[in-house]
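Here is the structure we will look at, set down as structure tokens.
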Amino acid sequence: MAKFSHLYIWFVVIVAGIAGLPRLLLSRRFAELQQAKLRQKSSVARSRLMSLAVFIVVLVFVGMFATRWGHEVWIEIAIVFSLLSSAEFFFQAQFPNLEALVFQNRLLGILYLGLSAASYLMLSRV
């Protein structure tokens with residue numbers, strides 16, 4: 001299990017870093033692309049559905065946290081990463097205007113990069 005948790009944390013370090021950089025550095029351009037995508041009615045519905053699906057994943061990880069695997073670092077990181085992803089889908093669907101998307105991208109960029117850095121620091125605890 002230790003090898004899996006080590007690999008998962010490296011996965012989060014890389015994916016959260018890749019997710020955070022364009023949201024922070026190119027927030028307006030990224031928001032314009034998101035807005036164009038969200039103009040389609042099916043895209044908003046899909047974003048809401050994805051928000052719900054990822055939130056269910058959060059609940060699964062919270063359930064795992066209460067089991068014998070609980071209090072392992074990778075589960076805590078998985079909960080935070082899934083909550084960020086769920087919030088991103090939800091708020092994009094709720095507030096699809098450009099200025100809200102720019103704000104969301106900047107905030108999520110900071111949060112994703114923070115998660116990436118914190119996950120990297122947690123590698124020593126695995």
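Please note that chains go A, B, ... in the order of the structure tokens, that every chain numbers its residues from 1, and that ligands are numbered from 1 in the order shown.
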* To do: Write out as a PyMOL selection string each polymer residue whose atoms come within 9 Å of stretch 118-120 of chain A, counting only C-alpha atoms; drop sequence neighbours fewer than 3 positions from it.
  => chain A and resi 9-10+12-13+73-74+77+113-115+123-124
Give me, as a PyMOL selection string, all polymer residues having an atom no more than 9 Å from A:Arg106, counting only C-alpha atoms and skipping those fewer than 3 positions away in the same chain. chain A and resi 20+23-28+101-103+109-111
Output N, CA and C atoms of each residue in that selection to a file, as an mmCIF file, in the first residue's frame.
```cif
data_model
loop_
_atom_site.group_PDB
_atom_site.id
_atom_site.type_symbol
_atom_site.label_atom_id
_atom_site.label_comp_id
_atom_site.auth_asym_id
_atom_site.auth_seq_id
_atom_site.Cartn_x
_atom_site.Cartn_y
_atom_site.Cartn_z
ATOM 1 N N GLY A 20 -2.807 23.795 -12.252
ATOM 2 C CA GLY A 20 -2.702 25.114 -11.648
ATOM 3 C C GLY A 20 -2.000 26.154 -12.496
ATOM 4 N N ARG A 23 -4.154 27.959 -15.242
ATOM 5 C CA ARG A 23 -5.238 28.696 -14.591
ATOM 6 C C ARG A 23 -4.720 29.975 -13.954
ATOM 7 N N LEU A 24 -3.503 29.937 -13.473
ATOM 8 C CA LEU A 24 -2.927 31.111 -12.828
ATOM 9 C C LEU A 24 -2.235 32.038 -13.823
ATOM 10 N N LEU A 25 -1.452 31.483 -14.724
ATOM 11 C CA LEU A 25 -0.668 32.312 -15.641
ATOM 12 C C LEU A 25 -1.466 32.827 -16.832
ATOM 13 N N LEU A 26 -2.430 32.054 -17.301
ATOM 14 C CA LEU A 26 -3.229 32.439 -18.470
ATOM 15 C C LEU A 26 -4.720 32.461 -18.110
ATOM 16 N N SER A 27 -5.042 33.053 -16.967
ATOM 17 C CA SER A 27 -6.401 32.936 -16.436
ATOM 18 C C SER A 27 -7.459 33.527 -17.371
ATOM 19 N N ARG A 28 -7.181 34.667 -17.996
ATOM 20 C CA ARG A 28 -8.187 35.273 -18.870
ATOM 21 C C ARG A 28 -8.398 34.434 -20.130
ATOM 22 N N LEU A 101 -15.306 33.516 -14.250
ATOM 23 C CA LEU A 101 -14.398 32.441 -14.655
ATOM 24 C C LEU A 101 -12.934 32.844 -14.474
ATOM 25 N N VAL A 102 -12.615 34.112 -14.741
ATOM 26 C CA VAL A 102 -11.244 34.583 -14.523
ATOM 27 C C VAL A 102 -10.892 34.488 -13.042
ATOM 28 N N PHE A 103 -11.805 34.952 -12.184
ATOM 29 C CA PHE A 103 -11.578 34.868 -10.739
ATOM 30 C C PHE A 103 -11.419 33.410 -10.296
ATOM 31 N N GLY A 109 -6.118 28.147 -9.554
ATOM 32 C CA GLY A 109 -4.697 28.012 -9.896
ATOM 33 C C GLY A 109 -3.832 28.053 -8.654
ATOM 34 N N ILE A 110 -4.126 28.995 -7.765
ATOM 35 C CA ILE A 110 -3.376 29.091 -6.504
ATOM 36 C C ILE A 110 -3.604 27.844 -5.664
ATOM 37 N N LEU A 111 -4.864 27.401 -5.574
ATOM 38 C CA LEU A 111 -5.177 26.230 -4.752
ATOM 39 C C LEU A 111 -4.561 24.949 -5.312
#
```
Review point. Interatomic distance between atom CA of A:Ala117 and atom CA of A:Ile18?
Key: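 Computing the Euclidean distance for atom CA of A:Ala117 and atom CA of A:Ile18 yields 11.9 Å.
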* Residue nearest A:Val80 among A:Ala16, A:Leu7, A:Leu98, A:Leu121 (counting only C-alpha atoms) ->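 Looking only at the distances to A:Val80, the closest residue turns out to be A:Ala16.
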A:Ile75, A:Ala87, A:Ala19, A:Leu33: which is nearest A:Leu49, counting only C-alpha atoms?
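Of the candidates, the smallest distance to A:Leu49 is held by A:Ala87.
Considering the residues A:Ser5, A:Val54, A:Gln92, A:Leu108 and counting only C-alpha atoms, A:Glu76 has its shortest atom-to-atom contact with A:Ser5.
Taking only C-alpha atoms into account, A:Phe90 lies nearest to A:Val44 out of the set A:Ala66, A:Leu59, A:Met122, A:Val44.
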query = Please, what distance in Å, to one decimal, runs between atom CA of A:Val15 and atom CA of A:Pro96?
reply =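 Here the two named atoms are 23.9 Å from each other.
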**OP:** Record the distance separating atom CA of A:Leu38 and atom CA of A:Ala53, expressed in Å with one decimal.
**Re:**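 Atom CA of A:Ala53 lies 18.3 Å from atom CA of A:Leu38.
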Residue with the minimum atom-to-atom distance to A:Val57, picked from A:Ala93, A:Ala36, A:Ala45, A:Ile79 with only C-alpha atoms counted, is A:Ile79
